[in-house]
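Pasted below: my_file29.txt, compact mmCIF, C-alpha atoms and all ligand atoms.
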# COMPACT_ATOMS: atom_id res chain seq x y z
CA MET F 1 -22.77 -26.10 -14.94
CA ILE F 2 -20.25 -23.70 -13.36
CA ASN F 3 -16.70 -24.15 -14.63
CA HIS F 4 -14.23 -23.82 -11.74
CA GLN F 5 -11.21 -24.84 -13.85
CA ASP F 6 -10.53 -21.26 -14.92
CA ARG F 7 -10.25 -20.07 -11.31
CA LEU F 8 -6.74 -19.02 -10.31
CA ILE F 9 -7.96 -18.17 -6.84
CA SER F 10 -10.97 -19.73 -5.27
CA ALA F 11 -11.25 -18.54 -1.67
CA LEU F 12 -14.62 -19.35 -0.21
CA GLY F 13 -16.20 -18.42 3.10
CA LEU F 14 -13.11 -16.65 4.46
CA SER F 15 -13.42 -15.32 7.98
CA ARG F 16 -10.86 -14.06 10.43
CA TYR F 17 -11.38 -13.31 14.09
CA TYR F 18 -9.14 -11.39 16.45
CA GLY F 19 -10.40 -12.52 19.83
CA GLU F 20 -14.15 -12.08 19.66
CA ARG F 21 -13.93 -9.55 16.84
CA CYS F 22 -14.67 -10.69 13.29
CA VAL F 23 -12.61 -8.49 10.93
CA VAL F 24 -13.23 -10.55 7.78
CA ASN F 25 -16.68 -12.05 7.67
CA ASN F 26 -17.54 -14.83 5.22
CA VAL F 27 -15.82 -13.28 2.20
CA ASP F 28 -15.41 -15.09 -1.14
CA VAL F 29 -12.57 -14.06 -3.45
CA VAL F 30 -12.50 -15.54 -6.94
CA LEU F 31 -9.91 -14.63 -9.56
CA ARG F 32 -9.97 -15.90 -13.12
CA LYS F 33 -7.32 -16.16 -15.80
CA GLY F 34 -6.55 -12.87 -17.50
CA GLU F 35 -8.40 -10.84 -14.89
CA VAL F 36 -7.25 -7.82 -12.87
CA LEU F 37 -9.34 -7.64 -9.70
CA GLY F 38 -9.35 -4.48 -7.62
CA LEU F 39 -9.78 -4.95 -3.88
CA LEU F 40 -11.13 -1.77 -2.37
CA GLY F 41 -12.42 -0.53 0.94
CA PRO F 42 -12.01 2.18 3.53
CA ASN F 43 -9.36 1.92 6.25
CA GLY F 44 -9.95 -1.10 8.45
CA ALA F 45 -12.31 -2.81 5.96
CA GLY F 46 -10.25 -6.00 6.04
CA LYS F 47 -8.29 -5.79 2.77
CA SER F 48 -4.83 -6.47 4.23
CA THR F 49 -6.18 -9.26 6.41
CA THR F 50 -7.80 -10.83 3.34
CA MET F 51 -4.61 -10.50 1.30
CA GLN F 52 -2.51 -11.95 4.09
CA MET F 53 -4.82 -14.96 4.14
CA LEU F 54 -4.69 -15.30 0.33
CA THR F 55 -0.88 -15.16 0.35
CA GLY F 56 -0.59 -17.75 3.11
CA ASN F 57 0.79 -15.33 5.69
CA LEU F 58 -2.21 -15.58 8.01
CA SER F 59 -4.50 -18.54 8.63
CA PRO F 60 -8.18 -17.97 8.17
CA SER F 61 -10.41 -18.76 11.15
CA GLU F 62 -12.83 -20.25 8.65
CA GLY F 63 -12.91 -20.91 4.93
CA GLU F 64 -10.92 -22.61 2.20
CA ILE F 65 -8.40 -21.24 -0.29
CA GLN F 66 -7.31 -22.82 -3.53
CA ILE F 67 -4.57 -21.26 -5.62
CA ASN F 68 -4.61 -22.62 -9.16
CA THR F 69 -6.54 -25.66 -7.82
CA ILE F 70 -3.95 -26.33 -5.04
CA ASP F 71 -5.23 -26.12 -1.48
CA LEU F 72 -3.24 -23.41 0.31
CA LEU F 73 -3.86 -24.78 3.77
CA ASP F 74 -3.01 -28.41 2.90
CA GLU F 75 -0.10 -27.74 0.52
CA PRO F 76 1.19 -24.26 1.39
CA ILE F 77 4.60 -24.54 -0.31
CA LYS F 78 3.16 -25.85 -3.56
CA ALA F 79 0.33 -23.32 -3.52
CA LYS F 80 2.68 -20.40 -2.82
CA GLN F 81 4.77 -21.38 -5.85
CA GLN F 82 1.75 -20.39 -7.92
CA MET F 83 1.78 -16.89 -6.48
CA GLY F 84 3.84 -13.70 -6.53
CA TYR F 85 3.33 -11.00 -3.92
CA LEU F 86 4.32 -7.37 -3.72
CA PRO F 87 3.64 -6.12 -0.20
CA GLU F 88 3.10 -2.41 0.39
CA GLN F 89 6.79 -2.04 1.26
CA PRO F 90 8.73 -3.75 -1.58
CA PRO F 91 10.98 -6.40 -0.03
CA VAL F 92 14.15 -5.19 -1.78
CA TYR F 93 17.76 -5.05 -0.56
CA ARG F 94 19.17 -1.60 -1.17
CA ASP F 95 22.80 -2.79 -1.10
CA LEU F 96 22.37 -5.24 -3.98
CA THR F 97 22.25 -4.42 -7.66
CA VAL F 98 18.98 -5.17 -9.45
CA SER F 99 20.53 -8.18 -11.14
CA GLU F 100 22.07 -9.53 -7.90
CA TYR F 101 18.78 -9.12 -6.08
CA LEU F 102 16.70 -10.86 -8.76
CA HIS F 103 19.19 -13.76 -8.94
CA TYR F 104 18.98 -14.01 -5.16
CA CYS F 105 15.15 -14.11 -5.37
CA ALA F 106 15.39 -16.77 -8.07
CA ARG F 107 17.45 -18.94 -5.72
CA LEU F 108 14.94 -18.39 -2.90
CA ARG F 109 12.26 -19.55 -5.34
CA HIS F 110 14.35 -22.70 -6.02
CA ILE F 111 14.52 -21.90 -9.71
CA PRO F 112 17.11 -24.34 -11.15
CA LYS F 113 20.47 -22.64 -11.75
CA ALA F 114 20.31 -23.21 -15.50
CA GLU F 115 16.95 -21.43 -15.62
CA CYS F 116 17.88 -18.46 -13.41
CA ARG F 117 19.38 -16.28 -16.12
CA ARG F 118 16.42 -16.75 -18.41
CA MET F 119 13.87 -16.06 -15.67
CA VAL F 120 15.71 -12.96 -14.41
CA ALA F 121 15.95 -11.70 -18.00
CA TYR F 122 12.23 -12.34 -18.50
CA ALA F 123 11.18 -10.45 -15.35
CA SER F 124 13.65 -7.60 -16.03
CA GLU F 125 12.35 -7.20 -19.55
CA ARG F 126 8.67 -7.27 -18.52
CA CYS F 127 9.33 -4.62 -15.89
CA GLY F 128 11.63 -2.44 -18.02
CA LEU F 129 14.67 -2.97 -15.81
CA GLN F 130 17.36 -3.91 -18.34
CA GLU F 131 19.00 -0.48 -18.29
CA VAL F 132 19.33 -0.45 -14.49
CA SER F 133 20.29 -4.08 -13.94
CA LYS F 134 23.79 -3.17 -12.72
CA ARG F 135 22.68 -0.31 -10.48
CA LEU F 136 22.34 -0.51 -6.71
CA ILE F 137 18.67 -0.71 -5.72
CA GLY F 138 19.25 1.92 -3.01
CA ASN F 139 20.20 4.45 -5.70
CA LEU F 140 17.11 3.90 -7.85
CA SER F 141 14.04 6.14 -7.92
CA LYS F 142 10.99 4.91 -6.02
CA GLY F 143 9.26 4.01 -9.29
CA PHE F 144 12.14 1.79 -10.36
CA ARG F 145 12.33 0.21 -6.89
CA GLN F 146 8.63 -0.57 -7.27
CA ARG F 147 9.35 -2.20 -10.63
CA VAL F 148 12.03 -4.30 -8.95
CA GLY F 149 9.40 -5.32 -6.37
CA ILE F 150 7.03 -6.32 -9.17
CA ALA F 151 9.85 -8.16 -10.98
CA GLN F 152 10.50 -10.36 -7.91
CA ALA F 153 6.76 -11.08 -7.78
CA ILE F 154 6.62 -12.35 -11.38
CA LEU F 155 10.09 -13.91 -11.52
CA HIS F 156 8.89 -17.50 -11.29
CA ASN F 157 6.07 -16.81 -13.79
CA PRO F 158 3.32 -17.40 -11.22
CA ALA F 159 -0.32 -17.83 -12.17
CA VAL F 160 -1.40 -15.22 -9.61
CA VAL F 161 0.18 -11.87 -8.72
CA ILE F 162 -0.99 -9.94 -5.68
CA LEU F 163 -0.03 -6.27 -5.48
CA ASP F 164 -0.63 -4.16 -2.37
CA GLU F 165 -0.80 -0.42 -3.10
CA PRO F 166 1.74 -0.64 -5.95
CA THR F 167 1.66 3.05 -6.91
CA VAL F 168 1.76 4.75 -3.50
CA GLY F 169 4.30 7.55 -3.42
CA LEU F 170 5.06 7.51 -7.14
CA ASP F 171 4.99 10.54 -9.43
CA PRO F 172 2.33 10.75 -12.18
CA ILE F 173 4.66 9.46 -14.90
CA GLN F 174 5.75 6.50 -12.79
CA ILE F 175 2.11 5.83 -11.87
CA ARG F 176 1.15 5.72 -15.54
CA GLU F 177 4.00 3.33 -16.30
CA ILE F 178 3.25 0.99 -13.41
CA ARG F 179 -0.45 0.94 -14.38
CA ARG F 180 0.48 0.09 -17.94
CA LEU F 181 2.69 -2.70 -16.62
CA ILE F 182 -0.13 -4.07 -14.45
CA ARG F 183 -2.50 -4.10 -17.42
CA GLU F 184 0.14 -5.89 -19.50
CA LEU F 185 0.81 -8.47 -16.78
CA GLY F 186 -2.93 -8.98 -16.36
CA LYS F 187 -3.07 -10.59 -19.80
CA ASP F 188 -0.85 -13.52 -18.78
CA HIS F 189 -1.43 -13.69 -15.03
CA GLY F 190 -4.41 -13.14 -12.76
CA ILE F 191 -3.84 -10.05 -10.67
CA ILE F 192 -5.28 -8.80 -7.41
CA LEU F 193 -4.62 -5.15 -6.78
CA SER F 194 -5.35 -3.48 -3.48
CA THR F 195 -5.49 0.27 -3.59
CA HIS F 196 -7.19 3.35 -2.19
CA ILE F 197 -6.99 5.15 -5.50
CA LEU F 198 -10.36 4.85 -7.22
CA PRO F 199 -9.27 6.20 -10.65
CA GLU F 200 -6.50 3.61 -10.59
CA VAL F 201 -9.09 0.89 -10.26
CA GLN F 202 -11.11 2.31 -13.13
CA ALA F 203 -7.94 2.52 -15.20
CA VAL F 204 -6.65 -1.02 -14.73
CA CYS F 205 -9.22 -3.37 -13.21
CA ASP F 206 -11.69 -5.65 -14.97
CA ARG F 207 -13.65 -6.25 -11.80
CA VAL F 208 -13.93 -4.65 -8.40
CA GLN F 209 -14.61 -6.13 -5.01
CA ILE F 210 -15.37 -3.62 -2.27
CA LEU F 211 -15.10 -4.62 1.37
CA ASN F 212 -16.67 -2.70 4.22
CA GLN F 213 -16.50 -3.76 7.85
CA GLY F 214 -15.18 -7.16 6.84
CA LYS F 215 -17.93 -7.97 4.34
CA THR F 216 -18.17 -7.84 0.56
CA VAL F 217 -20.55 -5.03 -0.38
CA PHE F 218 -19.83 -4.94 -4.14
CA ASN F 219 -18.39 -7.48 -6.53
CA ASN F 220 -18.83 -6.70 -10.19
CA THR F 221 -17.29 -5.48 -13.41
CA LEU F 222 -17.16 -1.77 -14.05
CA ASP F 223 -19.16 -2.05 -17.27
CA GLY F 224 -21.61 0.81 -17.32
CA VAL F 225 -20.22 2.34 -14.11
CA GLU F 226 -19.62 6.01 -14.82
CA SER F 227 -18.24 6.96 -11.43
CA LEU F 228 -16.69 4.35 -9.20
CA GLU F 229 -16.34 7.10 -6.61
CA LYS F 230 -20.12 7.50 -6.46
CA VAL F 231 -20.64 3.73 -6.19
CA PHE F 232 -18.01 3.60 -3.44
CA PHE F 233 -19.42 6.45 -1.36
CA ASP F 234 -23.00 5.24 -1.77
CA LEU F 235 -22.02 1.80 -0.54
CA ILE F 236 -19.90 2.96 2.36
CA PHE F 237 -21.95 5.90 3.59
CA GLY F 238 -25.38 5.09 2.19
CA ALA F 239 -27.12 6.31 -0.95
CA ASP F 240 -27.91 9.73 0.55
CA ALA F 241 -24.32 10.59 1.27
CA VAL F 242 -22.91 13.43 -0.78
CA ALA F 243 -19.71 12.25 -2.41
CA SER F 244 -17.30 15.04 -1.82
CA GLU F 245 -14.12 15.33 -3.79
CA GLU F 246 -12.45 16.69 -0.68
CA VAL F 247 -12.99 13.47 1.24
CA ALA F 248 -9.80 11.43 1.26
CA VAL F 249 -10.39 7.73 0.81
N1 LIG M 1 -3.13 -8.36 14.59
C1 LIG M 1 -4.30 -7.76 14.79
N2 LIG M 1 -4.90 -7.80 16.01
C2 LIG M 1 -6.11 -7.22 16.23
N3 LIG M 1 -6.80 -6.56 15.27
C3 LIG M 1 -6.25 -6.47 14.05
C4 LIG M 1 -4.98 -7.06 13.74
N4 LIG M 1 -4.71 -6.81 12.44
C5 LIG M 1 -5.74 -6.10 11.96
N5 LIG M 1 -6.66 -5.90 12.92
C6 LIG M 1 -7.94 -5.18 12.78
O1 LIG M 1 -8.65 -5.77 11.71
C7 LIG M 1 -9.38 -4.78 11.00
C8 LIG M 1 -9.07 -4.89 9.52
O2 LIG M 1 -7.72 -4.50 9.32
P1 LIG M 1 -7.02 -4.52 7.88
O3 LIG M 1 -5.60 -4.09 8.10
O4 LIG M 1 -7.27 -5.82 7.23
O5 LIG M 1 -7.84 -3.39 7.11
P2 LIG M 1 -7.49 -2.69 5.71
O6 LIG M 1 -8.76 -2.73 4.93
O7 LIG M 1 -6.30 -3.31 5.10
O8 LIG M 1 -7.18 -1.20 6.17
P3 LIG M 1 -6.11 -0.13 5.57
O9 LIG M 1 -6.72 0.38 4.33
O10 LIG M 1 -6.07 0.88 6.66
O11 LIG M 1 -4.82 -0.85 5.38
C9 LIG M 1 -8.98 -3.42 11.58
O12 LIG M 1 -10.01 -3.00 12.46
C10 LIG M 1 -7.72 -3.73 12.34
O13 LIG M 1 -7.60 -2.90 13.47
Let me see the file written as C-alpha cells.
Amino acid sequence: MINHQDRLISALGLSRYYGERCVVNNVDVVLRKGEVLGLLGPNGAGKSTTMQMLTGNLSPSEGEIQINTIDLLDEPIKAKQQMGYLPEQPPVYRDLTVSEYLHYCARLRHIPKAECRRMVAYASERCGLQEVSKRLIGNLSKGFRQRVGIAQAILHNPAVVILDEPTVGLDPIQIREIRRLIRELGKDHGIILSTHILPEVQAVCDRVQILNQGKTVFNNTLDGVESLEKVFFDLIFGADAVASEEVAV
C-alpha cells in the first residue's frame, strides 16, 4: 500500500489555462520529508506557473493541492502556514535592519510575541546572519540579502520551503554557501528548488522533475545519472540533439 503520510506536498493533476492555452498540463508534484526536489525546464516550460499554484498565489484550472495534508484550496491560510517561499526577487525592505525585517516578518506570520525572538534567532543562525543582524539590508551584499530572503522563508519553521532561482546573480563563493545552506535545510524541511543551473541541481537535489511545454518529461532521482545536462538536452531536443556547452539554458 502507498504511504501518503510522508508527503509534504501532494499536488495531483495540476493544470492551468490562459484562455484556450494550456501552460501546465496535468502535472503531479510530490515532495517528501527530507527531500530537495529540483524543478527544471526551459523558458516557458511552466515552472513559475506551477510554483505560483503550489504557493497559493494562482488557482489551478484543474487539480488538487495538499500541503502537509492540508488542502490549499479549501484552507489556504492554514496550508500557507506550512510553507515558506523565496520568490526570484527576495521580498526584503532595504531600509530596515536584518533584525527589524525578520521581526516584522514574524509579526506578519502571526508568531506570538513571546516566540518572536527565539524564531528570529533560529532563522538568523541557520542562515548565518548573526553578524549582520544590525545592518541595513540595503547595504548588504546580494548573497547576504539572499540569505535574508531565505531566513524569512524558514522563520516560522515551515514543513515546506520553495525557492525560486536562489543563487541567480551571486558570486561563486556565495553560490557555494547558499547551496550548502539549502542542503542543510533539506534535512529538516522539504524543499523545492527552481533553477536553470543544471550543476546546481546535481549538487543539491535528491530528485529532479523536468517540465517541458507544460508537461512532466522526467521525474526521478539522479542516482546513476552521469550528466544531467545530457538527460536535459535529450529530453528537450530529442535524443539526437548534440548537447552543446555553448547553449545557454
Ligand atoms: N498571465 C499570463 N497570461 C498569459 N500567459 C502566461 C501568463 N503567465 C505565464 N504565461 C505563459 O505560460 C507559459 C509558462 O510560463 P512560466 O512563467 O510558468 O514558465 P517558466 O518555466 O517559469 O519560464 P522561465 O524559465 O522563463 O521563468 C509561458 O508560455 C508564458 O508566456
What are the centre and the three edge lengths of an axis-aligned box that wraps all atoms of stretch 211-230 of chain F in the file, given that 3 Å is added to every side, written as JSON and rounded to one decimal in Å?
{"center_x": -18.4, "center_y": -0.2, "center_z": -4.7, "size_x": 12.5, "size_y": 21.5, "size_z": 31.2}
### Message
Env of F:Pro199: 12 Å cut, atoms = all atoms listed in the file, seq-sep filter 2 positions within chain, self excluded. Answer as JSON, numbers by chain.
### Response
{"F": [38, 40, 167, 175, 176, 179, 195, 196, 197, 201, 202, 203, 204, 205, 222, 226, 227, 228, 229, 230, 232, 249]}
### Task
May I have the residues within 9 Å of ligand LIG 1 (chain M), computed using all atoms listed in the file, as an NGL selection string?
:F and (16-19 or 21-24 or 40-52 or 194-196 or 211-214 or 249)
### Query
F:Glu88, F:Asp223, F:Glu177, F:Asp188: which is nearest F:Ala159, counting all atoms listed in the file?
F:Asp188
#### Entry: Nearest residue to F:Val30 from the set F:Ile154, F:Pro60, F:Ile65, F:Glu100 (distances using all atoms listed in the file)
F:Ile65
